[in-house]
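Student: Here it is: the structure, laid out below.
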Protein chains: 4
Amino acid sequence: MAGSTDVRYDIKDIGLAEAGRRRIAWAAREMPVLGLIRESFERDRPLEGVRIVACVHVTTETANLAYTLRAGGAEAAICASNPLSTQDDVAAALAADGFRVYAIKGEDNETYYRHIHQALDLRPHIVIDDGADVVTTIHRDRRELIPEMYGSTEETTTGVIRLRAMERDGVLAFPVIAVNDADTKHFFDNRYGTGQSTLDGIIRATNILLAGKTVVVAGYGWCGKGIAMRARGMGAKVIVTEVDPIRALEAVMDGYRVMPMVDAAPEGDIFITATGNINVIDRQHFEAMKDGAILANAGHFNAEINLTMLDDIAVEGREVLRPYVEEYRLSGGKRIIVLGEGRLINLVAAEGHPASVMDMSFANQALSAAYLVREAGRLEKRVYQVPEEIDVEVARLKLKAMGIAIDQLTPQQEEYLRSWQSGT
Amino acid sequence: MAGSTDVRYDIKDIGLAEAGRRRIAWAAREMPVLGLIRESFERDRPLEGVRIVACVHVTTETANLAYTLRAGGAEAAICASNPLSTQDDVAAALAADGFRVYAIKGEDNETYYRHIHQALDLRPHIVIDDGADVVTTIHRDRRELIPEMYGSTEETTTGVIRLRAMERDGVLAFPVIAVNDADTKHFFDNRYGTGQSTLDGIIRATNILLAGKTVVVAGYGWCGKGIAMRARGMGAKVIVTEVDPIRALEAVMDGYRVMPMVDAAPEGDIFITATGNINVIDRQHFEAMKDGAILANAGHFNAEINLTMLDDIAVEGREVLRPYVEEYRLSGGKRIIVLGEGRLINLVAAEGHPASVMDMSFANQALSAAYLVREAGRLEKRVYQVPEEIDVEVARLKLKAMGIAIDQLTPQQEEYLRSWQSGT
Amino acid sequence: MAGSTDVRYDIKDIGLAEAGRRRIAWAAREMPVLGLIRESFERDRPLEGVRIVACVHVTTETANLAYTLRAGGAEAAICASNPLSTQDDVAAALAADGFRVYAIKGEDNETYYRHIHQALDLRPHIVIDDGADVVTTIHRDRRELIPEMYGSTEETTTGVIRLRAMERDGVLAFPVIAVNDADTKHFFDNRYGTGQSTLDGIIRATNILLAGKTVVVAGYGWCGKGIAMRARGMGAKVIVTEVDPIRALEAVMDGYRVMPMVDAAPEGDIFITATGNINVIDRQHFEAMKDGAILANAGHFNAEINLTMLDDIAVEGREVLRPYVEEYRLSGGKRIIVLGEGRLINLVAAEGHPASVMDMSFANQALSAAYLVREAGRLEKRVYQVPEEIDVEVARLKLKAMGIAIDQLTPQQEEYLRSWQSGT
Amino acid sequence: MAGSTDVRYDIKDIGLAEAGRRRIAWAAREMPVLGLIRESFERDRPLEGVRIVACVHVTTETANLAYTLRAGGAEAAICASNPLSTQDDVAAALAADGFRVYAIKGEDNETYYRHIHQALDLRPHIVIDDGADVVTTIHRDRRELIPEMYGSTEETTTGVIRLRAMERDGVLAFPVIAVNDADTKHFFDNRYGTGQSTLDGIIRATNILLAGKTVVVAGYGWCGKGIAMRARGMGAKVIVTEVDPIRALEAVMDGYRVMPMVDAAPEGDIFITATGNINVIDRQHFEAMKDGAILANAGHFNAEINLTMLDDIAVEGREVLRPYVEEYRLSGGKRIIVLGEGRLINLVAAEGHPASVMDMSFANQALSAAYLVREAGRLEKRVYQVPEEIDVEVARLKLKAMGIAIDQLTPQQEEYLRSWQSGT
């Protein structure tokens with residue numbers, strides 16, 4: 001990999017740029033917070049001379065993040081955080097506008113990692129990562145880059161879990177901001193964004209009616225909560241599976257049925273994984289499912305459904321209806337439908353998170369990048385929370401953009417909250 | 001129009017047939033009731049020698065209806081009930097399989113009516129209508145067909161309103177079955193089908209996040225109820241507008257805000273019409289809206305939003321983002337987005353009702369067609385309800401197909417329901 | 001029974017009148033529609049000289065109806081429509097204010113029927129009935145009253161079923177207005193009123209947390225719909241049982257699990273019947289239930305749960321916690337809790353329908369009574385719908401009282417709805 | 001206060017003991033987790049010889065906690081944490097069973113504090129506090145008790161805020177376990193318990209129909225979330241007010257309208273405060289409200305509604321309907337209804353949290369008390385979280401008691417979660 005040459009971009013078709021630009025502009029309407037930050041970045045140039053590698057889903061929303069980083073003075077290279085999620089017209093628009101871009105929808109695994117390396121050839125001060133693939137690549141194969149780095153930011157739950165494991169193992173080589181853990185990120189992006197867009201992906205892939213169907217949601221973290229909430233909102237009967245007793249109990253109290261996956265398997269019409277773990281749907285579950293069961297994944301990696309196993313036990317697998325809808329026929333004739341090869345269904349079959357959700361995630365990203373620059377050299381090699389003032393600022397800007405006013409504490413109320421003398 | 005020649009089909013591209021067949025087969029999975037009826041039709045041939053014109057949205061679901069009618073012995077001609085809703089691959093599959101098909105997505109108004117006339121050249125015994133355009137065409141221009149007709153069936157609320165007006169005026173020339181009014185049709189199709197697919201269409205067109213948005217639903221009939229329920233299920237704040245006090249009150253009690261459209265206009269982010277009436281969104285509403293308001297229609301005709309007026313008062317209109325997303329700029333700079341030219345958004349931007357909903361509508365259509373044949377000559381020139389036994393049969397078959405058992409009345413309970421002597 | 005003497009009232013304690021008056025005044029705040037009608041009745045005196053027997057739940061709301069009837073010029077006698085639902089303070093207030101009142105909470109069956117006869121001694125022109133007990137009593141035992149009667153009105157689904165059976169059998173002796181069937185009655189009272197107050201009764205009786213519990217609702221008519229909707233709204237997992245395929249399917253599409261009672265029995269924590277039928281929960285269900293299952297009834301008669309059978313198979317029955325909470329211990333040790341002796345739980349353990357719901361029911365009652373007077377002699381011995389103009393008037397007054405404005409059809413829109421020429 | 005004599009109890013009427021015992025036994029059915037802990041305490045006696053003062057709402061649920069503490073070997077004294085929330089029959093049962101009990105429903109402020117002092121005369125090792133009144137009393141007036149204390153536990157959000165302020169000010173004299181912050185406490189008790197029981201209290205006080213009403217919820221913490229969720233579940237239109245931008249945004253995304261209280265005031269029918277702050281509803285809000293607006297508080301202290309101000313600006317205040325329903329008439333004639341004197345409405349007008357919720361809170365309390373004993377001398381003078389293993393244990397026991405199984409991580413999955421090498 002070391003021999004990757006310096007090409008400015010590797011994309012599908014530069015001719016798609018105009019279509020990409022139009023869609024990027026549309027998304028910008030729904031990203032007013034990022035727009036406000038972009039304006040302030042243009043004034044203050046907090047990223048002047050900073051080199052940033054952003055390994056993200058290459059969509060209209062991340063394009064707006066890229067323009068914001070540039071407005072702050074940064075030079076940016078962009079690669080895909082998922083082989084299937086790239087919007088080729090967006091990649092084209094970014095390339096045409098002078099960004100380094102390495103992303104082609106449907107690229108194979110080798111190309112995927114080559115693209116990461118090509119992006120890293122920028123020698124970044126900051127990495128914006130989405131699943132920790134770039135950070136782990138640096139730690140494993142590109143350690144020469146470490147000395148120049150201020151740090152990285154991480155967009156996903158999965159990535160944060162991996163980075164904390166690295167921190168625990170004492171191998172983390174630079175500071176990381178867990179953007180995923182910002183309230184204005186995970187409360188909104190994981191719950192509302194994933195909730196809507198996961199169902200959107202499933203409906204676009206299958207055109208199935210959700211009302212009256214039994215939807216099994218594996219995992220009741222923020223993503224799972226969002227998916228379950230929206231599936232119920234569309235009239236489905238929802239079953240939740242969990243391994244954590246507290247989350248399981250929360251699902252029960254929220255009115256869902258909770259049971260082990262092996263019991264849910266024969267009841268479900270649609271299964272959606274959102275656990276951040278592997279083989280959540282495995283052989284014994286496939287074997288217990290109904291004919292025609294539909295499987296999709298909303299978690300970061302395509303490891304939640306054990307497709308290798310499914311392939312092994314199936315007598316036939318073929319595309320039905322449209323790309324990314326595949327039917328596995330088991331011996332005995334039962335059919336299982338897998339959507340999007342078990343990859344993030346909202347990116348494969350729909351358009352990923354709606355812009356207004358990514359607006360907040362990426363506002364956190366932009367402000368966290370500026371924070372890494374500002375604090376360069378003062379942070380330890382740890383996983384940090386997003387500073388609370390950034391989190392609150394993002395929420396405040398979002399409310400402002402929506403035209404929503406809220407109450408302010410009176411001086412008397414602030415005083416009350418500080419004091420401890422008052423009683424019954 | 002009288003001179004329409006006998007062509008077997010007028011479609012976009014016969015080469016799309018294979019793709020169409022594959023999608024039709026996919027839809028068949030979700031249409032088990034129609035499948036069971038098709039099996040019984042193959043045995044009993046209740047439509048032997050009957051000529052049927054079906055003026056419907058040409059989709060995978062109606063294709064399954066067509067195959068069912070043929071299984072019953074009918075010869076069928078198919079034309080589009082909406083210029084924008086035809087799925088060209090389905091039209092191709094039907095044509096390739098020997099049906100007369102006259103439908104091209106995006107056809108102009110003249111072609112639309114020419115296609116109706118070409119279909120009518122089959123000299124139908126039965127018309128399956130969707131909006132009453134064929135029935136009114138026969139009454140106006142093709143009265144020579146009337147003597148041979150057993151009757152027609154009508155799929156939509158809008159059509160039934162028109163047909164009842166004709167009955168009231170004493171001009172209806174043959175019996176009509178109001179399939180729309182079957183419980184298993186309008187309870188399900190209008191509410192659950194329209195509810196999901198309308199939002200699906202809006203999301204596909206705009207990729208907007210519904211959570212936190214204010215959605216204004218005009219009309220609280222079955223369609224409006226479904227849309228409001230699903231919009232709330234996706235996290236939107238819903239406002240309902242109505243003209244009927246009882247429905248308005250029902251919306252209030254269901255937890256929605258209810259107000260005149262002129263008051264809702266400045267609050268709404270998204271407006272969806274489902275009233276069956278004209279100019280429900282008109283000049284004074286456009287003028288009161290927020291910049292960037294999005295308008296879509298879920299009612300049968302594209303007359304609910306007064307687009308002529310909008311065109312008049314706009315200084316510019318242009319496509320943004322993708323086809324069927326048009327932005328009108330008013331003097332003063334405010335922008336209003338209209339989706340799908342004000343036509344049925346679920347058909348224009350999504351795939352129409354999911355198959356499992358149409359399964360019940362079309363089961364009613366197939367059984368009603370057989371009923372018209374069976375009762376030929378015995379019915380008056382009136383608008384009839386679907387016979388209750390058909391309605392119940394459709395529900396029973398659907399539950400069976402879903403694997404759901406229900407209770408049966410005991411003899412003692414039946415006796416109780418019949419008696420009136422028992423008391424406190 | 002013939003020998004019932006003319007006493008002006010038979011109630012618990014006239015000393016409770018002041019407390020009753022205060023609660024009646026409180027209820028009046030939530031009954032603005034009845035208030036508006038009362039004002040118009042005072043002006044127009046449409047019931048001048050009319051004698052009315054109202055057999056109703058004697059609550060603060062029916063008291064407001066009584067005052068409204070009197071404002072219209074009527075003389076009224078009031079008896080209880082259920083032995084357990086009388087609010088003794090309200091009965092006292094009415095008696096103290098000069099009404100004939102025959103109602104004592106907890107009266108036995110003999111007293112219950114004696115009270116009906118005492119009320120009938122008024123020789124009514126009109127009967128306002130609630131479950132058809134008075135009308136059937138007249139037909140069986142007091143036929144001498146028939147010649148003077150203008151007709152009756154009926155408040156409940158159960159009563160209407162009984163009256164239609166009488167009509168079908170050709171024995172109905174005077175016209176009946178099915179007030180229950182008014183949209184502004186059953187849409188609201190049965191659904192929203194029963195929904196909230198049934199859960200209210202269960203919570204007051206048991207103080208149980210509904211979140212996470214499995215609630216089995218027997219019957220998916222308007223009452224069952226309301227109960228299921230509110231149980232879900234409180235976080236319960238809801239199972240619906242039905243005998244009607246169309247309603248069963250509707251419950252499925254609304255996101256509920258549907259199954260036969262015998263399958264629901266082992267899953268339920270709480271069972272609520274709302275079918276209008278008998279023995280909906282019977283021996284095989286008791287035997288399949290979990291230890292500690294709680295049973296309540298929301299239907300009109302206490303016959304939905306087969307308590308005779310439960311008594312037979314139980315080895316012990318005793319009050320636990322508080323009156324109306326009874327525990328049956330089956331052989332083997334399993335305990336089943338029955339609330340309110342299987343009578344209407346919202347009346348036994350809570351306060352019945354909230355006033356704002358009864359406002360609409362009783363507005364229909366008052367206007368229907370005036371209609372019976374106006375049309376005296378012109379109606380047949382049939383069960384009539386509430387005239388649509390009354391229904392719409394009630395809704396319009398209610399919206400007005402809530403301060404909610406709605407749209408009006410423009411002349412152009414009215415014209416459009418009348419015409420049938422316009423098309424695609 | 002120093003002169004408080006050693007009386008074993010000060011309660012309303014010891015004759016109520018039997019009624020109390022019966023209700024305590026009923027609550028025990030819904031408290032299986034505490035029951036399981038009680039069994040283990042009887043075996044292990046982890047509180048042998050420990051003196052505990054529990055300042056709690058004296059209800060059937062806390063009685064079960066008291067019996068559990070005693071089963072563990074503790075001697076306990078109980079006083080009320082709120083002057084209005086004591087259930088006198090429960091106090092009687094506890095006293096009859098040998099506990100020291102100082103609590104009378106409706107006691108005045110002086111008695112309230114005298115009762116705290118009487119309880120403290122036990123010289124506790126551990127204080128179970130609810131609002132921090134006992135802990136602050138010890139710090140202010142009973143410092144002689146400090147040397148013997150192992151620490152205290154705190155049940156409420158409000159109390160934790162006060163204790164953290166004390167910690168911050170460096171005045172906290174012993175370790176505190178913030179039981180409130182346990183996931184199995186605040187997720188469930190604050191959200192599901194407060195949600196249901198607050199509405200229950202309002203309905204019992206007013207018998208008002210929630211469907212169609214506008215409910216204003218002040219504060220979107222866990223309590224506010226629960227109240228808003230349940231109010232919507234009952235058909236209300238919900239408006240949320242907040243001072244925190246992140247919570248405000250969450251409320252927006254959950255589909256609620258969010259605005260300053262001064263804008264919500266003229267829209268609301270019912271106002272519920274749950275902020276932990278003072279004067280959240282104040283003069284300018286009273287003045288903007290509709291005639292007949294209803295106000296209730298769900299927060300710990302009765303300071304959220306500025307009743308002093310309301311009293312000042314009212315021309316008349318009087319009880320209407322029943323105790324704890326008070327009407328203030330403003331000049332101009334507008335009436336404002338205040339429920340429960342602005343105290344916790346679920347305790348004043350209903351029965352507090354349902355037992356099944358308190359089951360988890362009190363399981364945390366019992367296990368935290370044992371933890372304080374076990375760790376005596378090893379903890380700092382700080383506010384501690386409940387140890388995670390206690391939290392998870394409580395959830396696990398609860399699921400077990402509900403008969404709900406969940407998935408277990410496979411060894412392979414545990415390995416995966418620990419590793420950071422795997423990627424896309």
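Labels used: A, B, ... for chains in the order of the structure tokens, numbers from 1 for residues in each chain, and numbers from 1 for ligands as shown.
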Could you pull the residues within 10 Å of region 254-266 of chain D, counting only C-alpha atoms, minus those fewer than 3 positions along the same chain, as a PyMOL selection string?

Tutor: (chain A and resi 188+192+399+403-408) or (chain B and resi 210-214+231-238) or (chain D and resi 214-218+225+228-229+232+237-243+248-251+269-271+280-291+293)

Student: Dump as a compact mmCIF listing (two decimals) with N, CA, C and O atoms, in the first residue's frame the residues of chain D that approach chain C to within 9 Å, counting only C-alpha atoms.

Tutor:
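The resulting file, out-v4.txt, is shown below:
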```
# COMPACT_ATOMS: atom_id res chain seq x y z
N ALA D 19 -56.13 -2.25 57.81
CA ALA D 19 -56.33 -1.79 56.44
C ALA D 19 -54.98 -1.55 55.76
O ALA D 19 -54.77 -1.88 54.58
N ARG D 22 -53.27 -4.81 54.72
CA ARG D 22 -53.85 -5.42 53.53
C ARG D 22 -53.32 -4.74 52.27
O ARG D 22 -52.98 -5.38 51.28
N ARG D 23 -53.24 -3.41 52.29
CA ARG D 23 -52.75 -2.70 51.12
C ARG D 23 -51.26 -2.93 50.91
O ARG D 23 -50.77 -2.98 49.77
N ILE D 24 -50.52 -3.06 51.99
CA ILE D 24 -49.08 -3.35 51.87
C ILE D 24 -48.87 -4.71 51.21
O ILE D 24 -48.01 -4.88 50.34
N ALA D 25 -49.70 -5.68 51.59
CA ALA D 25 -49.59 -7.01 50.99
C ALA D 25 -49.93 -6.98 49.50
O ALA D 25 -49.30 -7.65 48.68
N TRP D 26 -50.92 -6.15 49.15
CA TRP D 26 -51.27 -6.01 47.73
C TRP D 26 -50.07 -5.44 46.96
O TRP D 26 -49.71 -5.93 45.89
N ALA D 27 -49.47 -4.40 47.50
CA ALA D 27 -48.33 -3.79 46.83
C ALA D 27 -47.18 -4.79 46.68
O ALA D 27 -46.46 -4.79 45.66
N ARG D 29 -47.23 -7.77 45.89
CA ARG D 29 -47.38 -8.57 44.67
C ARG D 29 -46.67 -7.94 43.49
O ARG D 29 -46.24 -8.63 42.57
N GLU D 30 -46.67 -6.62 43.47
CA GLU D 30 -46.07 -5.90 42.35
C GLU D 30 -44.61 -5.55 42.63
O GLU D 30 -44.02 -4.78 41.89
N TYR D 192 -41.61 6.31 33.77
CA TYR D 192 -42.85 5.55 33.67
C TYR D 192 -43.74 5.77 34.90
O TYR D 192 -44.95 5.87 34.78
N GLY D 193 -43.11 5.82 36.08
CA GLY D 193 -43.90 6.00 37.29
C GLY D 193 -44.53 7.39 37.34
O GLY D 193 -45.74 7.53 37.47
N GLY D 195 -44.85 9.47 34.95
CA GLY D 195 -45.72 9.67 33.78
C GLY D 195 -47.14 9.23 34.06
O GLY D 195 -48.08 10.02 33.94
N GLN D 196 -47.29 8.00 34.46
CA GLN D 196 -48.64 7.49 34.68
C GLN D 196 -49.29 8.13 35.89
O GLN D 196 -50.45 8.56 35.83
N SER D 197 -48.57 8.22 36.99
CA SER D 197 -49.22 8.62 38.24
C SER D 197 -49.55 10.10 38.27
O SER D 197 -50.50 10.52 38.93
N ASP D 200 -52.72 10.27 36.45
CA ASP D 200 -53.69 9.63 37.33
C ASP D 200 -54.16 10.63 38.39
O ASP D 200 -55.37 10.77 38.64
N ILE D 203 -56.41 13.26 36.79
CA ILE D 203 -57.73 12.72 36.43
C ILE D 203 -58.57 12.48 37.68
O ILE D 203 -59.76 12.81 37.72
N ARG D 204 -57.96 11.92 38.73
CA ARG D 204 -58.75 11.70 39.95
C ARG D 204 -59.23 13.01 40.54
O ARG D 204 -60.33 13.10 41.09
N THR D 206 -59.85 15.84 38.93
CA THR D 206 -60.73 16.65 38.07
C THR D 206 -61.70 15.85 37.22
O THR D 206 -62.65 16.41 36.70
N ASN D 207 -61.44 14.55 37.01
CA ASN D 207 -62.20 13.72 36.07
C ASN D 207 -62.30 14.35 34.69
O ASN D 207 -63.29 14.21 33.98
N ILE D 208 -61.25 15.03 34.29
CA ILE D 208 -61.23 15.71 33.00
C ILE D 208 -60.80 14.74 31.90
O ILE D 208 -60.01 13.83 32.14
N LEU D 209 -61.36 14.92 30.70
CA LEU D 209 -60.93 14.12 29.54
C LEU D 209 -59.65 14.74 28.98
O LEU D 209 -59.63 15.93 28.66
N LEU D 210 -58.62 13.94 28.81
CA LEU D 210 -57.36 14.49 28.28
C LEU D 210 -57.38 14.59 26.76
O LEU D 210 -56.71 15.46 26.19
N ALA D 211 -58.12 13.70 26.09
CA ALA D 211 -58.14 13.74 24.62
C ALA D 211 -58.59 15.11 24.15
O ALA D 211 -59.62 15.62 24.59
N MET D 229 -45.06 11.96 27.29
CA MET D 229 -45.33 10.71 26.56
C MET D 229 -46.70 10.16 26.91
O MET D 229 -47.46 9.74 26.04
N ARG D 230 -47.03 10.17 28.19
CA ARG D 230 -48.32 9.62 28.60
C ARG D 230 -49.47 10.57 28.25
O ARG D 230 -50.57 10.12 27.92
N ALA D 231 -49.23 11.88 28.35
CA ALA D 231 -50.29 12.83 27.99
C ALA D 231 -50.63 12.65 26.51
O ALA D 231 -51.80 12.62 26.11
N ARG D 232 -49.61 12.52 25.68
CA ARG D 232 -49.86 12.25 24.26
C ARG D 232 -50.56 10.92 24.09
O ARG D 232 -51.47 10.78 23.28
N GLY D 233 -50.15 9.93 24.88
CA GLY D 233 -50.77 8.61 24.81
C GLY D 233 -52.25 8.64 25.17
O GLY D 233 -53.01 7.77 24.77
N MET D 234 -52.66 9.63 25.90
CA MET D 234 -54.08 9.79 26.25
C MET D 234 -54.80 10.74 25.29
O MET D 234 -55.94 11.11 25.53
N GLY D 235 -54.13 11.15 24.23
CA GLY D 235 -54.80 11.94 23.21
C GLY D 235 -54.66 13.44 23.37
O GLY D 235 -55.32 14.20 22.65
N GLY D 292 -60.22 29.02 33.42
CA GLY D 292 -60.40 27.60 33.72
C GLY D 292 -59.15 26.75 33.60
O GLY D 292 -59.22 25.53 33.73
N VAL D 320 -63.01 24.01 45.26
CA VAL D 320 -64.15 23.60 44.43
C VAL D 320 -64.07 22.09 44.26
O VAL D 320 -63.00 21.52 44.32
N LEU D 321 -65.18 21.48 44.02
CA LEU D 321 -65.27 20.05 43.73
C LEU D 321 -64.87 19.18 44.90
O LEU D 321 -65.67 18.48 45.46
N ARG D 322 -63.58 19.19 45.28
CA ARG D 322 -63.13 18.31 46.36
C ARG D 322 -61.84 18.88 46.93
O ARG D 322 -61.27 19.80 46.36
N ALA D 350 -53.46 11.01 43.95
CA ALA D 350 -53.52 9.59 43.58
C ALA D 350 -52.72 8.80 44.62
O ALA D 350 -52.64 9.21 45.77
N GLU D 351 -52.12 7.72 44.23
CA GLU D 351 -51.43 6.88 45.22
C GLU D 351 -49.93 6.84 45.01
O GLU D 351 -49.27 5.89 45.41
N GLY D 352 -49.38 7.87 44.37
CA GLY D 352 -47.94 7.89 44.12
C GLY D 352 -47.58 6.89 43.04
O GLY D 352 -48.44 6.40 42.31
N HIS D 353 -46.30 6.63 42.94
CA HIS D 353 -45.86 5.69 41.92
C HIS D 353 -46.46 4.32 42.16
O HIS D 353 -46.52 3.85 43.28
N PRO D 354 -46.84 3.65 41.08
CA PRO D 354 -47.27 2.26 41.22
C PRO D 354 -46.15 1.42 41.83
O PRO D 354 -44.97 1.69 41.64
N ALA D 355 -46.55 0.38 42.53
CA ALA D 355 -45.61 -0.45 43.27
C ALA D 355 -44.53 -1.04 42.36
O ALA D 355 -43.37 -1.14 42.75
N SER D 356 -44.90 -1.41 41.13
CA SER D 356 -43.92 -2.12 40.31
C SER D 356 -42.75 -1.22 39.92
O SER D 356 -41.68 -1.69 39.57
N VAL D 357 -42.97 0.09 39.94
CA VAL D 357 -41.88 1.02 39.67
C VAL D 357 -41.02 1.21 40.92
O VAL D 357 -39.79 1.15 40.88
```

Student: Which residues, written as a list of chain:residue names, have at least one atom at most 12 Å from Arg374 (chain B), with only C-alpha atoms counted and residues fewer than 2 positions away on the same chain left out?

Tutor: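 Contacts, with the query itself left out: B:Arg45, B:Pro46, B:Leu47, B:Glu48, B:Val50, B:Tyr150, B:Gly151, B:Leu367, B:Ser368, B:Ala369, B:Ala370, B:Tyr371, B:Leu372, B:Ala376, B:Gly377, B:Arg378, B:Leu379.
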
Student: Could you pull out the residues in region 153-192 of chain C that DSSP calls helix (DSSP H, G or I) from the backbone, as a list in words?

Tutor: Thr157, Thr158, Gly159, Val160, Ile161, Arg162, Leu163, Arg164, Ala165, Met166, Glu167, Arg168, Val179, Asn180, Asp181, Asp183, Thr184, Lys185, His186, Phe187, Phe188, Asp189, Asn190, Arg191 and Tyr192 of chain C

Student: For Val56 (chain A), find every residue with an atom within 8 Å (counting only C-alpha atoms), except residues of its own chain fewer than 4 positions away, and show them as a PyMOL selection string.

Tutor: chain A and resi 62+78-82+128-130

Student: Take the residues that were just selected and, keeping all heavy atoms, output them as a tab-separated table (two decimals), in the first residue's frame.

Tutor:
```
chain	number	residue	atom	x	y	z
A	62	THR	N	-22.03	15.23	3.79
A	62	THR	CA	-20.60	15.34	4.07
A	62	THR	C	-19.96	16.35	3.12
A	62	THR	O	-18.97	17.00	3.48
A	62	THR	CB	-19.90	13.98	3.96
A	62	THR	OG1	-20.33	13.31	2.79
A	62	THR	CG2	-20.23	13.12	5.17
A	78	ILE	N	-10.90	13.29	1.00
A	78	ILE	CA	-12.11	12.57	1.40
A	78	ILE	C	-12.06	11.15	0.85
A	78	ILE	O	-11.81	10.95	-0.34
A	78	ILE	CB	-13.36	13.30	0.87
A	78	ILE	CG1	-13.47	14.65	1.59
A	78	ILE	CG2	-14.62	12.47	1.08
A	78	ILE	CD1	-13.95	15.76	0.72
A	79	CYS	N	-12.30	10.19	1.72
A	79	CYS	CA	-12.46	8.81	1.24
A	79	CYS	C	-13.71	8.23	1.87
A	79	CYS	O	-14.26	8.79	2.82
A	79	CYS	CB	-11.22	7.97	1.56
A	79	CYS	SG	-10.83	7.86	3.31
A	80	ALA	N	-14.16	7.11	1.32
A	80	ALA	CA	-15.43	6.53	1.74
A	80	ALA	C	-15.25	5.70	3.00
A	80	ALA	O	-14.28	4.97	3.14
A	80	ALA	CB	-16.01	5.67	0.64
A	81	SER	N	-16.22	5.79	3.90
A	81	SER	CA	-16.17	4.95	5.09
A	81	SER	C	-16.95	3.66	4.90
A	81	SER	O	-17.07	2.87	5.81
A	81	SER	CB	-16.73	5.71	6.29
A	81	SER	OG	-18.08	6.05	6.06
A	82	ASN	N	-17.50	3.47	3.72
A	82	ASN	CA	-18.27	2.26	3.43
A	82	ASN	C	-18.28	2.05	1.92
A	82	ASN	O	-18.58	2.99	1.17
A	82	ASN	CB	-19.70	2.41	3.96
A	82	ASN	CG	-20.51	1.14	3.79
A	82	ASN	OD1	-20.74	0.68	2.68
A	82	ASN	ND2	-20.94	0.58	4.91
A	128	ILE	N	-11.03	12.85	10.40
A	128	ILE	CA	-12.45	12.71	10.75
A	128	ILE	C	-12.84	11.31	10.34
A	128	ILE	O	-12.90	11.01	9.14
A	128	ILE	CB	-13.30	13.78	10.04
A	128	ILE	CG1	-12.91	15.17	10.56
A	128	ILE	CG2	-14.78	13.51	10.23
A	128	ILE	CD1	-13.62	16.33	9.87
A	129	ASP	N	-13.08	10.45	11.30
A	129	ASP	CA	-13.23	9.04	11.01
A	129	ASP	C	-14.66	8.58	11.29
A	129	ASP	O	-15.40	9.22	12.05
A	129	ASP	CB	-12.24	8.24	11.87
A	129	ASP	CG	-11.77	6.96	11.16
A	129	ASP	OD1	-12.32	6.63	10.09
A	129	ASP	OD2	-10.85	6.32	11.68
A	130	ASP	N	-15.01	7.48	10.69
A	130	ASP	CA	-16.39	7.00	10.77
A	130	ASP	C	-16.33	5.47	10.82
A	130	ASP	O	-16.42	4.81	9.79
A	130	ASP	CB	-17.15	7.51	9.53
A	130	ASP	CG	-18.62	7.12	9.51
A	130	ASP	OD1	-18.90	5.91	9.49
A	130	ASP	OD2	-19.46	8.01	9.50
```
